file coords_38.cif (mmCIF, C-alpha atoms and all ligand atoms)
data_upload
#
loop_
_atom_site.label_atom_id
_atom_site.label_comp_id
_atom_site.auth_asym_id
_atom_site.auth_seq_id
_atom_site.Cartn_x
_atom_site.Cartn_y
_atom_site.Cartn_z
CA MET N 342 -113.86 17.45 -26.99
CA GLY N 343 -112.56 14.48 -28.97
CA ARG N 344 -109.20 14.12 -30.68
CA CYS N 345 -108.14 17.16 -32.63
CA VAL N 346 -104.70 16.95 -34.21
CA ALA N 347 -104.14 20.69 -34.67
CA ARG N 348 -105.00 21.26 -31.02
CA GLU N 349 -102.76 18.42 -29.86
CA LEU N 350 -99.83 19.84 -31.81
CA VAL N 351 -100.36 23.30 -30.38
CA GLU N 352 -100.53 21.89 -26.85
CA TRP N 353 -97.44 19.77 -27.50
CA SER N 354 -95.54 22.94 -28.41
CA GLY N 355 -96.39 24.44 -25.02
CA VAL N 356 -99.43 26.63 -25.74
CA ASP N 357 -102.54 26.51 -23.54
CA ALA N 358 -104.91 25.68 -26.42
CA GLU N 359 -108.07 26.42 -24.48
CA ARG N 360 -106.87 29.90 -23.53
CA LEU N 361 -105.67 30.49 -27.10
CA VAL N 362 -109.05 29.52 -28.55
CA ASP N 363 -110.81 31.77 -26.01
CA LEU N 364 -108.61 34.70 -27.04
CA LEU N 365 -109.19 34.02 -30.75
CA VAL N 366 -112.98 33.78 -30.28
CA GLU N 367 -112.92 37.01 -28.27
CA ARG N 368 -111.04 38.74 -31.11
CA ALA N 369 -113.35 37.32 -33.81
CA LEU N 370 -116.38 38.70 -31.95
CA ALA N 371 -114.63 42.03 -31.38
CA GLU N 372 -113.87 42.28 -35.11
CA MET N 373 -117.48 41.57 -35.99
CA GLY N 374 -118.63 44.09 -33.36
CA ASN N 375 -116.30 46.72 -34.81
CA TYR N 376 -117.52 45.94 -38.32
CA TYR N 377 -121.08 46.50 -37.13
CA TYR N 378 -120.36 49.78 -35.36
CA TYR N 379 -118.23 51.07 -38.25
CA THR N 380 -121.18 50.30 -40.53
CA LEU N 381 -123.45 52.28 -38.23
CA LEU N 382 -120.97 55.14 -37.91
CA ARG N 383 -120.45 55.58 -41.61
CA MET N 384 -124.14 56.36 -42.03
CA HIS N 385 -123.78 59.22 -39.53
CA LEU N 386 -120.62 60.84 -40.88
CA VAL N 387 -121.74 63.81 -42.91
CA GLY N 388 -120.33 67.24 -43.78
CA VAL N 389 -116.76 67.95 -44.91
CA GLU N 390 -115.06 66.58 -41.78
CA GLY N 391 -117.42 63.63 -41.49
CA ASP N 392 -116.89 62.76 -45.13
CA ALA N 393 -113.11 62.74 -44.71
CA LEU N 394 -113.31 60.48 -41.63
CA ARG N 395 -115.79 58.22 -43.41
CA ARG N 396 -113.12 57.23 -45.91
CA VAL N 397 -110.87 56.05 -43.07
CA VAL N 398 -113.78 54.26 -41.37
CA GLU N 399 -114.77 52.46 -44.57
CA ASP N 400 -111.28 51.05 -45.06
CA ALA N 401 -110.94 49.99 -41.41
CA ARG N 402 -114.42 48.44 -41.59
CA GLU N 403 -113.51 46.33 -44.59
CA GLU N 404 -110.29 45.15 -42.97
CA ASP N 405 -112.01 44.29 -39.66
CA ARG N 406 -114.48 42.13 -41.57
CA ASN N 407 -111.49 40.41 -43.21
CA HIS N 408 -109.93 39.89 -39.78
CA PHE N 409 -113.09 38.13 -38.64
CA GLU N 410 -113.09 35.95 -41.76
CA ALA N 411 -109.42 35.07 -41.36
CA LEU N 412 -109.72 34.15 -37.65
CA VAL N 413 -112.71 31.82 -37.91
CA PRO N 414 -111.01 28.94 -39.80
CA ARG N 415 -108.15 28.83 -37.28
CA ILE N 416 -110.60 28.75 -34.36
CA TYR N 417 -112.34 25.72 -35.88
CA GLU N 418 -109.04 24.05 -36.78
CA LEU N 419 -108.15 24.23 -33.09
CA GLY N 420 -111.44 22.59 -32.13
CA GLY N 421 -113.05 25.86 -31.04
CA ARG N 422 -116.47 27.17 -31.99
CA LEU N 423 -118.09 30.55 -32.27
CA PRO N 424 -121.03 31.15 -29.91
CA ALA N 425 -124.37 30.16 -31.39
CA THR N 426 -125.71 33.68 -30.99
CA PHE N 427 -123.95 36.99 -31.52
CA ALA N 428 -124.26 39.38 -28.58
CA GLY N 429 -122.94 42.30 -30.61
CA GLU N 430 -121.54 44.11 -27.59
CA LEU N 431 -117.91 43.12 -27.97
CA GLY N 432 -115.10 45.18 -29.46
CA GLY N 433 -113.98 48.63 -28.53
CA LEU N 434 -116.60 50.57 -30.47
CA GLY N 435 -119.64 49.93 -28.27
CA ASP N 436 -119.48 53.58 -27.19
CA LEU N 437 -120.75 54.46 -30.66
CA ARG N 438 -124.26 53.38 -29.71
CA ASN N 439 -126.99 56.01 -30.04
CA LEU N 440 -125.19 58.23 -32.50
CA PRO N 441 -126.91 61.50 -33.37
CA ALA N 442 -127.99 61.94 -37.01
CA GLU N 443 -124.84 63.95 -37.59
CA ALA N 444 -121.90 62.40 -35.73
CA ASP N 445 -119.59 64.79 -33.86
CA VAL N 446 -116.15 64.00 -35.34
CA PRO N 447 -113.97 65.45 -32.50
CA GLN N 448 -116.06 63.49 -30.00
CA ILE N 449 -115.80 60.26 -31.99
CA LEU N 450 -112.08 60.27 -32.76
CA PRO N 451 -110.96 59.37 -29.20
CA ILE N 452 -113.38 56.39 -29.23
CA LEU N 453 -111.92 55.15 -32.51
CA LEU N 454 -108.35 55.65 -31.31
CA LYS N 455 -109.06 53.81 -28.05
CA ALA N 456 -110.60 50.88 -29.95
CA ALA N 457 -107.59 50.75 -32.33
CA GLU N 458 -105.24 50.73 -29.34
CA GLU N 459 -107.22 47.93 -27.73
CA SER N 460 -106.93 45.83 -30.91
CA VAL N 461 -103.17 46.45 -31.15
CA ARG N 462 -102.79 45.39 -27.52
CA ALA N 463 -104.87 42.22 -27.98
CA TYR N 464 -103.01 41.06 -31.11
CA THR N 465 -99.64 41.86 -29.53
CA GLN N 466 -100.67 39.59 -26.64
CA LEU N 467 -101.70 36.86 -29.10
CA CYS N 468 -98.32 37.16 -30.84
CA SER N 469 -96.57 36.73 -27.48
CA VAL N 470 -98.69 33.67 -26.59
CA THR N 471 -97.94 31.91 -29.91
CA SER N 472 -94.44 33.14 -30.83
CA GLY N 473 -91.99 30.29 -31.44
CA LYS N 474 -94.71 27.73 -30.59
CA ASP N 475 -97.78 27.86 -32.81
CA ASN N 476 -96.39 29.26 -36.05
CA ARG N 477 -99.65 29.03 -37.97
CA THR N 478 -101.61 31.16 -35.49
CA TYR N 479 -98.62 33.44 -34.95
CA ASN N 480 -98.35 34.29 -38.66
CA LEU N 481 -102.07 35.01 -38.82
CA VAL N 482 -102.24 37.25 -35.73
CA LEU N 483 -99.06 39.07 -36.78
CA ALA N 484 -100.63 39.83 -40.18
CA ILE N 485 -103.72 41.20 -38.43
CA LEU N 486 -101.52 43.19 -36.01
CA HIS N 487 -99.82 44.95 -38.95
CA GLU N 488 -103.23 46.07 -40.21
CA GLU N 489 -104.44 47.16 -36.76
CA ILE N 490 -101.35 49.34 -36.41
CA ALA N 491 -102.18 50.81 -39.84
CA HIS N 492 -105.67 51.71 -38.54
CA GLN N 493 -104.05 53.58 -35.67
CA VAL N 494 -101.79 55.42 -38.12
CA TRP N 495 -104.72 56.37 -40.40
CA LEU N 496 -106.60 57.83 -37.42
CA LEU N 497 -103.55 59.73 -36.16
CA GLU N 498 -102.93 61.05 -39.66
CA PHE N 499 -106.53 62.18 -39.83
CA LEU N 500 -106.17 63.83 -36.43
CA GLY N 501 -103.13 65.76 -37.67
CA ARG N 502 -104.52 66.57 -41.06
CA GLY N 503 -108.21 67.05 -40.30
CA ALA N 504 -110.48 67.39 -43.29
CA THR N 505 -108.18 69.81 -45.11
CA GLU N 506 -106.74 67.21 -47.50
CA PRO N 507 -108.50 64.18 -48.87
CA SER N 508 -107.11 60.92 -47.50
CA PRO N 509 -105.53 58.62 -50.07
CA ARG N 510 -108.22 56.41 -51.57
CA THR N 511 -105.80 54.09 -53.24
CA ARG N 512 -105.25 51.90 -50.20
CA ASN N 513 -104.68 48.27 -50.80
CA ILE N 514 -107.21 46.62 -48.48
CA SER N 515 -105.81 43.87 -46.20
CA PRO N 516 -102.32 43.66 -47.75
CA PHE N 517 -101.16 41.36 -44.93
CA VAL N 518 -104.30 39.32 -44.24
CA ALA N 519 -105.36 38.67 -47.87
CA PRO N 520 -103.44 35.34 -48.16
CA TYR N 521 -105.38 33.98 -45.17
CA LEU N 522 -108.70 34.75 -46.82
CA ARG N 523 -107.82 32.33 -49.61
CA ALA N 524 -107.09 29.51 -47.16
CA PRO N 525 -108.96 26.26 -47.81
CA ARG N 526 -111.83 25.25 -45.56
CA PRO N 527 -110.21 23.67 -42.47
CA VAL N 528 -110.47 19.94 -42.03
CA SER N 529 -112.04 20.38 -38.60
CA LEU N 530 -115.09 22.02 -40.16
CA GLU N 531 -115.99 18.53 -41.28
CA PRO N 532 -118.65 17.27 -38.87
CA ALA N 533 -116.64 14.31 -37.58
CA ALA N 534 -113.42 16.17 -36.74
CA CYS N 535 -112.63 17.78 -33.38
CA THR N 536 -115.88 16.67 -31.83
CA ALA N 537 -116.69 14.26 -29.06
FE FE K 1 -109.36 44.27 -36.97
#

call {"tool": "encode", "arguments": {"input": "coords_38.cif", "output": "structure tokens"}}
result
Amino acid sequence: MGRCVARELVEWSGVDAERLVDLLVERALAEMGNYYYYTLLRMHLVGVEGDALRRVVEDAREEDRNHFEALVPRIYELGGRLPATFAGELGGLGDLRNLPAEADVPQILPILLKAAEESVRAYTQLCSVTSGKDNRTYNLVLAILHEEIAHQVWLLEFLGRGATEPSPRTRNISPFVAPYLRAPRPVSLEPAACTA
């Protein structure tokens, strides 16, 4: 790894940049994994109950894709890279493999809740690692954390409400992360930067 100013600044402020990049890459892959499994799941949610849960899944799916998109520029700014191939087994939704044609909603809800909890835990840890040190990463992971907590709330609301009432479909997608999706392409994506 050659000279990378963003990384140097983060290290200077007392953050273990290598560990931070590892955590960010892990989260980016988890987000993409969740996006994939949500995509799969939404094709198997049928019937009244399935249809109601599908609306929650579609919103969470869109936001998880945005989380992936928002994380990647920061990873590269810090001199990190995504793996050349995508294993597709990361994230908390791997238990959704081999879904039956008609997904069993009561069986699936605990898997979704567990994955949401795992995301909240991971972003809380990232906030702790960067708080008061790496403000740029901290602001980003805090924005994602707000949306992960919202996913948890949507699922718990669904659990309490069931399919009796339609869920609100007027949700503003990625209210916290949207500004990071408009960020310019990081300097370190230029071939000469942050490389040996
Ligand atoms: Fe996410």

call {"tool": "closest_atom_pairs", "arguments": {"input": "coords_38.cif", "of": "chain N", "to": "ligand FE 1 (chain K)", "cutoff": "9 Å", "atoms": "all atoms listed in the file", "output": "JSON lines"}}
result
{"residue": "N:Arg368", "atom": "CA", "partner": "K:FE1", "partner_atom": "FE", "distance": 8.2}
{"residue": "N:Ala369", "atom": "CA", "partner": "K:FE1", "partner_atom": "FE", "distance": 8.6}
{"residue": "N:Ala371", "atom": "CA", "partner": "K:FE1", "partner_atom": "FE", "distance": 8.0}
{"residue": "N:Glu372", "atom": "CA", "partner": "K:FE1", "partner_atom": "FE", "distance": 5.3}
{"residue": "N:Met373", "atom": "CA", "partner": "K:FE1", "partner_atom": "FE", "distance": 8.6}
{"residue": "N:Asn375", "atom": "CA", "partner": "K:FE1", "partner_atom": "FE", "distance": 7.7}
{"residue": "N:Tyr376", "atom": "CA", "partner": "K:FE1", "partner_atom": "FE", "distance": 8.4}
{"residue": "N:Ala401", "atom": "CA", "partner": "K:FE1", "partner_atom": "FE", "distance": 7.4}
{"residue": "N:Arg402", "atom": "CA", "partner": "K:FE1", "partner_atom": "FE", "distance": 8.0}
{"residue": "N:Glu403", "atom": "CA", "partner": "K:FE1", "partner_atom": "FE", "distance": 8.9}
{"residue": "N:Glu404", "atom": "CA", "partner": "K:FE1", "partner_atom": "FE", "distance": 6.1}
{"residue": "N:Asp405", "atom": "CA", "partner": "K:FE1", "partner_atom": "FE", "distance": 3.8}
{"residue": "N:Arg406", "atom": "CA", "partner": "K:FE1", "partner_atom": "FE", "distance": 7.2}
{"residue": "N:Asn407", "atom": "CA", "partner": "K:FE1", "partner_atom": "FE", "distance": 7.6}
{"residue": "N:His408", "atom": "CA", "partner": "K:FE1", "partner_atom": "FE", "distance": 5.2}
{"residue": "N:Phe409", "atom": "CA", "partner": "K:FE1", "partner_atom": "FE", "distance": 7.4}
{"residue": "N:Ala457", "atom": "CA", "partner": "K:FE1", "partner_atom": "FE", "distance": 8.2}
{"residue": "N:Ser460", "atom": "CA", "partner": "K:FE1", "partner_atom": "FE", "distance": 6.7}
{"residue": "N:Val461", "atom": "CA", "partner": "K:FE1", "partner_atom": "FE", "distance": 8.8}
{"residue": "N:Ile485", "atom": "CA", "partner": "K:FE1", "partner_atom": "FE", "distance": 6.6}
{"residue": "N:Leu486", "atom": "CA", "partner": "K:FE1", "partner_atom": "FE", "distance": 8.0}
{"residue": "N:Glu488", "atom": "CA", "partner": "K:FE1", "partner_atom": "FE", "distance": 7.2}
{"residue": "N:Glu489", "atom": "CA", "partner": "K:FE1", "partner_atom": "FE", "distance": 5.7}
{"residue": "N:His492", "atom": "CA", "partner": "K:FE1", "partner_atom": "FE", "distance": 8.5}

call {"tool": "atom_distance", "arguments": {"input": "coords_38.cif", "atom1": "CA of Arg348 in chain N", "atom2": "CA of Val362 in chain N"}}
result
9.5 Å

call {"tool": "closest_residue", "arguments": {"input": "coords_38.cif", "among": "N:Val389, N:Glu410, N:Tyr379, N:Arg360", "to": "Ala519 in chain N", "atoms": "all atoms listed in the file"}}
result
N:Glu410

call {"tool": "closest_residue", "arguments": {"input": "coords_38.cif", "among": "N:Ala393, N:Leu434, N:Val356, N:Val413", "to": "Thr380 in chain N", "atoms": "only C-alpha atoms"}}
result
N:Leu434

call {"tool": "closest_residue", "arguments": {"input": "coords_38.cif", "among": "N:Tyr464, N:Tyr378, N:Tyr417, N:Trp353", "to": "Asn439 in chain N", "atoms": "all atoms listed in the file"}}
result
N:Tyr378

call {"tool": "atom_distance", "arguments": {"input": "coords_38.cif", "atom1": "CA of Leu522 in chain N", "atom2": "CA of Ala425 in chain N"}}
result
22.5 Å

call {"tool": "atom_distance", "arguments": {"input": "coords_38.cif", "atom1": "CA of Leu481 in chain N", "atom2": "CA of Tyr521 in chain N"}}
result
7.2 Å

call {"tool": "closest_residue", "arguments": {"input": "coords_38.cif", "among": "N:Leu365, N:Leu382, N:Leu467, N:Leu394", "to": "Gly435 in chain N", "atoms": "all atoms listed in the file"}}
result
N:Leu382

call {"tool": "closest_residue", "arguments": {"input": "coords_38.cif", "among": "N:Gly473, N:Gly420, N:Pro516, N:Pro414", "to": "His487 in chain N", "atoms": "only C-alpha atoms"}}
result
N:Pro516

call {"tool": "residues_near_point", "arguments": {"input": "coords_38.cif", "point": "(-102.8, 55.3, -39.2)", "cutoff": "12 Å", "atoms": "all atoms listed in the file", "output": "mmCIF file with C-alpha atoms, in the coordinates of the input"}}
result
data_model
loop_
_atom_site.group_PDB
_atom_site.id
_atom_site.type_symbol
_atom_site.label_atom_id
_atom_site.label_comp_id
_atom_site.auth_asym_id
_atom_site.auth_seq_id
_atom_site.Cartn_x
_atom_site.Cartn_y
_atom_site.Cartn_z
ATOM 1 C CA LEU N 394 -113.310 60.480 -41.630
ATOM 2 C CA VAL N 397 -110.870 56.050 -43.070
ATOM 3 C CA VAL N 398 -113.780 54.260 -41.370
ATOM 4 C CA ASP N 400 -111.280 51.050 -45.060
ATOM 5 C CA ALA N 401 -110.940 49.990 -41.410
ATOM 6 C CA LEU N 453 -111.920 55.150 -32.510
ATOM 7 C CA LEU N 454 -108.350 55.650 -31.310
ATOM 8 C CA ALA N 457 -107.590 50.750 -32.330
ATOM 9 C CA GLU N 458 -105.240 50.730 -29.340
ATOM 10 C CA VAL N 461 -103.170 46.450 -31.150
ATOM 11 C CA HIS N 487 -99.820 44.950 -38.950
ATOM 12 C CA GLU N 488 -103.230 46.070 -40.210
ATOM 13 C CA GLU N 489 -104.440 47.160 -36.760
ATOM 14 C CA ILE N 490 -101.350 49.340 -36.410
ATOM 15 C CA ALA N 491 -102.180 50.810 -39.840
ATOM 16 C CA HIS N 492 -105.670 51.710 -38.540
ATOM 17 C CA GLN N 493 -104.050 53.580 -35.670
ATOM 18 C CA VAL N 494 -101.790 55.420 -38.120
ATOM 19 C CA TRP N 495 -104.720 56.370 -40.400
ATOM 20 C CA LEU N 496 -106.600 57.830 -37.420
ATOM 21 C CA LEU N 497 -103.550 59.730 -36.160
ATOM 22 C CA GLU N 498 -102.930 61.050 -39.660
ATOM 23 C CA PHE N 499 -106.530 62.180 -39.830
ATOM 24 C CA LEU N 500 -106.170 63.830 -36.430
ATOM 25 C CA GLY N 501 -103.130 65.760 -37.670
ATOM 26 C CA ARG N 502 -104.520 66.570 -41.060
ATOM 27 C CA SER N 508 -107.110 60.920 -47.500
ATOM 28 C CA PRO N 509 -105.530 58.620 -50.070
ATOM 29 C CA ARG N 512 -105.250 51.900 -50.200
#

call {"tool": "closest_residue", "arguments": {"input": "coords_38.cif", "among": "N:Val446, N:Phe427, N:Arg415, N:Asp436", "to": "Asn480 in chain N", "atoms": "only C-alpha atoms"}}
result
N:Arg415
